[in-house]
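The data block below is protein-v6.cif; it holds mmCIF, C-alpha atoms.
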data_entry
loop_
_atom_site.label_atom_id
_atom_site.label_comp_id
_atom_site.auth_asym_id
_atom_site.auth_seq_id
_atom_site.Cartn_x
_atom_site.Cartn_y
_atom_site.Cartn_z
CA MET K 18 81.52 116.85 106.95
CA GLN K 19 83.77 119.63 105.69
CA GLU K 20 81.85 122.13 107.81
CA VAL K 21 82.26 119.86 110.84
CA LEU K 22 86.02 119.52 110.41
CA GLU K 23 86.48 123.22 109.86
CA GLY K 24 84.56 124.01 113.03
CA ASN K 25 81.42 125.50 111.53
CA VAL K 26 78.99 122.95 112.97
CA TYR K 27 79.56 122.82 116.69
CA GLY K 28 76.88 120.21 117.41
CA LEU K 29 78.96 117.58 115.61
CA GLU K 30 82.31 118.21 117.29
CA SER K 31 82.48 114.57 118.38
CA TYR K 32 82.99 113.53 114.74
CA LYS K 33 85.95 115.87 114.44
CA ALA K 34 87.40 114.47 117.67
CA SER K 35 86.97 110.92 116.36
CA ALA K 36 88.75 111.80 113.10
CA GLU K 37 91.65 113.35 114.98
CA SER K 38 91.85 110.41 117.36
CA PHE K 39 91.96 107.95 114.48
CA MET K 40 94.73 109.85 112.73
CA CYS K 41 96.78 109.80 115.91
CA THR K 42 96.50 105.99 116.10
CA LEU K 43 98.34 105.83 112.76
CA ILE K 44 101.33 107.89 113.94
CA PRO K 45 104.12 105.54 115.12
CA ASP K 46 105.67 108.23 117.35
CA SER K 47 102.35 109.15 118.95
CA SER K 48 101.56 108.14 122.52
CA SER K 49 98.15 106.97 121.27
CA SER K 50 99.51 104.86 118.40
CA HIS K 51 98.14 101.33 118.25
CA ILE K 52 98.27 100.48 114.54
CA LYS K 53 100.92 97.86 113.87
CA TYR K 54 103.61 98.24 111.21
CA THR K 55 105.79 95.52 109.70
CA PRO K 56 109.56 95.82 110.21
CA GLY K 57 109.72 97.20 106.66
CA GLY K 58 107.16 99.91 107.45
CA LEU K 59 103.86 98.62 106.04
CA ILE K 60 100.63 99.18 107.96
CA PHE K 61 99.53 95.74 109.10
CA ARG K 62 96.30 94.35 110.49
CA PRO K 63 95.77 90.59 110.92
CA GLY K 64 93.11 88.67 109.05
CA GLY K 65 94.34 88.42 105.47
CA SER K 66 94.29 90.73 102.43
CA ASN K 67 96.24 93.22 104.52
CA LEU K 68 96.81 95.72 101.72
CA GLN K 69 93.12 96.62 101.92
CA HIS K 70 93.99 98.33 105.22
CA SER K 71 97.16 99.95 103.97
CA THR K 72 95.58 101.38 100.82
CA ALA K 73 92.45 102.59 102.63
CA MET K 74 94.36 104.24 105.48
CA THR K 75 96.78 105.83 103.03
CA PHE K 76 93.82 107.37 101.21
CA LEU K 77 92.49 108.72 104.51
CA MET K 78 95.89 110.20 105.38
CA LEU K 79 95.88 112.19 102.16
CA ALA K 80 92.27 113.29 102.57
CA TYR K 81 92.94 114.45 106.13
CA ALA K 82 96.17 116.17 105.11
CA LYS K 83 94.17 118.20 102.58
CA TYR K 84 91.74 119.26 105.30
CA LEU K 85 94.58 120.26 107.65
CA GLU K 86 96.23 122.31 104.93
CA ARG K 87 93.05 124.14 103.95
CA SER K 88 92.21 124.92 107.55
CA THR K 89 95.86 125.75 108.46
CA MET K 90 95.66 123.36 111.38
CA SER K 91 97.58 120.47 112.86
CA VAL K 92 96.55 117.54 115.04
CA ASN K 93 97.74 117.28 118.62
CA CYS K 94 98.59 113.63 119.21
CA GLY K 95 99.77 114.07 122.78
CA ASN K 96 103.53 114.01 122.52
CA ILE K 97 103.64 115.07 118.86
CA SER K 98 101.88 117.60 116.65
CA VAL K 99 101.07 116.32 113.17
CA GLY K 100 100.52 118.47 110.09
CA PRO K 101 99.77 117.83 106.42
CA THR K 102 103.42 117.39 105.41
CA TYR K 103 103.90 114.64 107.98
CA LEU K 104 100.77 112.76 106.83
CA ARG K 105 101.72 113.01 103.17
CA GLY K 106 105.16 111.67 103.97
CA MET K 107 103.61 108.69 105.74
CA ALA K 108 101.28 108.10 102.79
CA LYS K 109 104.19 108.25 100.35
CA ARG K 110 106.09 105.62 102.33
CA GLN K 111 103.10 103.25 102.12
CA VAL K 112 102.89 103.76 98.36
CA ASP K 113 106.64 103.18 97.95
CA TYR K 114 106.43 99.98 99.99
CA ILE K 115 103.54 98.60 97.92
CA LEU K 116 105.31 99.41 94.68
CA GLY K 117 108.59 97.75 95.62
CA GLU K 118 110.58 99.67 98.23
CA ASN K 119 110.36 96.88 100.81
CA PRO K 120 112.64 94.16 102.22
CA LEU K 121 111.82 91.76 99.37
CA GLY K 122 112.09 94.33 96.60
CA MET K 123 108.66 93.07 95.52
CA SER K 124 106.02 95.23 93.86
CA TYR K 125 102.58 94.07 95.00
CA MET K 126 101.02 95.63 91.91
CA VAL K 127 100.99 93.04 89.13
CA GLY K 128 102.94 94.10 86.08
CA TYR K 129 104.75 96.95 87.81
CA SER K 130 108.57 96.82 88.08
CA ASN K 131 110.79 93.81 87.41
CA ARG K 132 109.53 91.76 90.35
CA TYR K 133 105.86 91.27 91.12
CA PRO K 134 103.53 88.33 92.04
CA GLN K 135 103.41 85.75 89.25
CA ARG K 136 100.88 83.32 90.72
CA ILE K 137 97.93 85.42 91.82
CA HIS K 138 94.68 83.88 93.02
CA HIS K 139 92.54 84.87 90.03
CA ARG K 140 90.76 82.44 87.71
CA GLY K 141 90.96 84.55 84.58
CA SER K 142 94.65 85.18 85.11
CA SER K 143 95.59 81.59 85.94
CA LEU K 144 93.73 79.87 83.08
CA PRO K 145 95.11 79.79 79.53
CA SER K 146 93.60 82.32 77.14
CA ILE K 147 91.12 81.38 74.45
CA TRP K 148 93.85 81.92 71.87
CA ASN K 149 95.94 79.12 73.37
CA HIS K 150 93.04 76.94 74.55
CA PRO K 151 89.96 77.45 72.32
CA GLN K 152 87.98 74.69 74.02
CA PRO K 153 85.85 75.66 77.06
CA ILE K 154 87.41 74.94 80.46
CA ARG K 155 84.68 73.77 82.81
CA CYS K 156 84.66 74.56 86.52
CA LYS K 157 86.40 71.46 87.85
CA GLU K 158 88.77 71.33 84.89
CA GLY K 159 90.50 74.45 86.21
CA THR K 160 91.97 72.59 89.18
CA VAL K 161 95.06 71.51 87.28
CA TYR K 162 95.89 75.14 86.52
CA PHE K 163 95.07 76.25 90.05
CA ASN K 164 97.49 73.70 91.53
CA SER K 165 100.23 74.40 88.99
CA SER K 166 103.48 76.01 90.13
CA ASP K 167 103.82 77.79 86.79
CA PRO K 168 103.36 81.56 86.58
CA ASN K 169 99.90 82.72 85.51
CA PRO K 170 99.68 82.86 81.71
CA ASN K 171 97.63 86.09 81.71
CA VAL K 172 99.20 89.06 83.50
CA LEU K 173 96.48 91.05 85.27
CA ILE K 174 98.28 94.37 84.98
CA GLY K 175 97.51 96.84 87.75
CA ALA K 176 95.96 94.36 90.16
CA ILE K 177 97.13 94.63 93.77
CA VAL K 178 97.28 91.41 95.77
CA GLY K 179 96.60 90.88 99.47
CA GLY K 180 100.24 91.46 100.35
CA PRO K 181 102.89 90.19 102.75
CA GLU K 182 102.75 88.83 106.27
CA GLU K 183 103.58 90.86 109.39
CA ASP K 184 107.26 89.94 108.97
CA ASP K 185 107.31 91.33 105.39
CA GLU K 186 107.49 87.81 103.92
CA TYR K 187 105.45 86.88 100.85
CA ASP K 188 105.01 83.44 99.30
CA ASP K 189 104.08 83.74 95.63
CA ASP K 190 101.44 81.01 95.81
CA ARG K 191 97.96 81.31 94.28
CA ILE K 192 96.59 78.78 96.77
CA ASP K 193 97.12 81.24 99.64
CA PHE K 194 94.31 83.61 98.66
CA ARG K 195 94.82 85.76 101.79
CA LYS K 196 98.06 87.03 100.29
CA SER K 197 97.73 86.39 96.55
CA GLU K 198 94.16 87.42 95.71
CA PRO K 199 93.61 90.82 94.05
CA THR K 200 90.37 92.59 95.01
CA THR K 201 88.49 95.75 94.10
CA TYR K 202 88.51 96.89 97.73
CA ILE K 203 92.31 96.86 97.70
CA ASN K 204 92.67 98.62 94.35
CA ALA K 205 89.87 101.18 94.75
CA PRO K 206 91.40 103.47 97.41
CA PHE K 207 94.82 103.15 95.79
CA VAL K 208 93.50 104.74 92.59
CA GLY K 209 92.88 108.01 94.43
CA VAL K 210 96.25 107.78 96.18
CA LEU K 211 98.13 107.29 92.92
CA ALA K 212 96.14 110.10 91.28
CA TYR K 213 97.30 112.45 94.03
CA PHE K 214 100.97 111.53 93.78
CA THR K 215 100.86 111.64 89.98
CA ALA K 216 99.64 115.23 90.22
CA ASN K 217 101.98 115.98 93.15
CA PRO K 218 105.19 113.95 92.66
CA ASN K 219 107.06 115.99 95.29
CA PRO K 220 104.46 116.76 97.97
CA SER K 221 105.26 119.08 100.86
#
For the structure just supplied, provide its representation as structure tokens.
Amino acid sequence: MQEVLEGNVYGLESYKASAESFMCTLIPDSSSSHIKYTPGGLIFRPGGSNLQHSTAMTFLMLAYAKYLERSTMSVNCGNISVGPTYLRGMAKRQVDYILGENPLGMSYMVGYSNRYPQRIHHRGSSLPSIWNHPQPIRCKEGTVYFNSSDPNPNVLIGAIVGGPEEDDEYDDDRIDFRKSEPTTYINAPFVGVLAYFTANPNPS
């Protein structure tokens, strides 16, 4: 794919065009933009577990920015030309939003900052630990903990939940799994994103 993007395999130019077209859909100022953002600036797609889209697209922004930088190119999005600095800035804003720079001041990564989801949709996090409850808790016996309004007794540090609604609102309720459930497909792309910004805290 690297050879395709850098123009060395001409028979696969359509893939390069598709990649450029997709990047342009993410640019709010582009004439071809059709990805929705919340008022607070988070990438939003309907259907639940929205942060899966934000984290994945943020990862792609950084990957594409690296390609643009190495090939000393930019992307023509009609009314705007986009380079690596622009894409990294967009990616950084998504990261900042997820980690707490949003209208609610809420970090959507559990255990990060002073305000984060307390009632995530996760059985191991919502049940008492074996130290506090040595007896086995059978499947149906977990309902009382699931329906409780108390914060989860076990903090699943580093887990990222599904995230807020399109109006930036978030109800800290484990019953609403679309917003409160942490998943591997949300966390996975964010690992690479955080690795990049850890190594490059002031990207240009």
Near Ser38 in chain K, counting all atoms listed in the file, which residues have an atom at most 10 Å away, once you skip same-chain residues fewer than 2 positions from it, shown as a PDB file with C-alpha atoms, in the frame of the given file?
ATOM      1  CA  TYR K  32      82.990 113.530 114.740  1.00  0.00           C
ATOM      2  CA  LYS K  33      85.950 115.870 114.440  1.00  0.00           C
ATOM      3  CA  ALA K  34      87.400 114.470 117.670  1.00  0.00           C
ATOM      4  CA  SER K  35      86.970 110.920 116.360  1.00  0.00           C
ATOM      5  CA  ALA K  36      88.750 111.800 113.100  1.00  0.00           C
ATOM      6  CA  MET K  40      94.730 109.850 112.730  1.00  0.00           C
ATOM      7  CA  CYS K  41      96.780 109.800 115.910  1.00  0.00           C
ATOM      8  CA  THR K  42      96.500 105.990 116.100  1.00  0.00           C
ATOM      9  CA  LEU K  43      98.340 105.830 112.760  1.00  0.00           C
ATOM     10  CA  SER K  49      98.150 106.970 121.270  1.00  0.00           C
ATOM     11  CA  SER K  50      99.510 104.860 118.400  1.00  0.00           C
ATOM     12  CA  VAL K  92      96.550 117.540 115.040  1.00  0.00           C
ATOM     13  CA  ASN K  93      97.740 117.280 118.620  1.00  0.00           C
ATOM     14  CA  CYS K  94      98.590 113.630 119.210  1.00  0.00           C
TER      15      CYS K  94
END
Query - Target residues per the PyMOL selection byres ((chain K and resi 143) around 12), formatted as a ChimeraX atom specification - result: /K:135-142,144-146,154,159-173,190-192,197-198
Dump as a CSV table (one decimal), keeping the file's coordinate frame, selection limited to C-alpha atoms:
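Just written: part15.csv:
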chain,number,residue,atom,x,y,z
K,135,GLN,CA,103.4,85.8,89.2
K,136,ARG,CA,100.9,83.3,90.7
K,137,ILE,CA,97.9,85.4,91.8
K,138,HIS,CA,94.7,83.9,93.0
K,139,HIS,CA,92.5,84.9,90.0
K,140,ARG,CA,90.8,82.4,87.7
K,141,GLY,CA,91.0,84.6,84.6
K,142,SER,CA,94.6,85.2,85.1
K,144,LEU,CA,93.7,79.9,83.1
K,145,PRO,CA,95.1,79.8,79.5
K,146,SER,CA,93.6,82.3,77.1
K,154,ILE,CA,87.4,74.9,80.5
K,159,GLY,CA,90.5,74.4,86.2
K,160,THR,CA,92.0,72.6,89.2
K,161,VAL,CA,95.1,71.5,87.3
K,162,TYR,CA,95.9,75.1,86.5
K,163,PHE,CA,95.1,76.2,90.0
K,164,ASN,CA,97.5,73.7,91.5
K,165,SER,CA,100.2,74.4,89.0
K,166,SER,CA,103.5,76.0,90.1
K,167,ASP,CA,103.8,77.8,86.8
K,168,PRO,CA,103.4,81.6,86.6
K,169,ASN,CA,99.9,82.7,85.5
K,170,PRO,CA,99.7,82.9,81.7
K,171,ASN,CA,97.6,86.1,81.7
K,172,VAL,CA,99.2,89.1,83.5
K,173,LEU,CA,96.5,91.0,85.3
K,190,ASP,CA,101.4,81.0,95.8
K,191,ARG,CA,98.0,81.3,94.3
K,192,ILE,CA,96.6,78.8,96.8
K,197,SER,CA,97.7,86.4,96.6
K,198,GLU,CA,94.2,87.4,95.7
Query - For range 203-213 of chain K: contacts at 10 Å, only C-alpha atoms, fewer than 6 positions along chain excluded, given as a count of residues only - result: 26
Requested in this report: Could you please determine the separation between CA of Thr200 in chain K and CA of Ile115 in chain K in Å, to one decimal place?
Outcome: 14.8 Å
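Atom to atom, CA of Thr215 in chain K and CA of Arg87 in chain K stand 20.3 Å apart.
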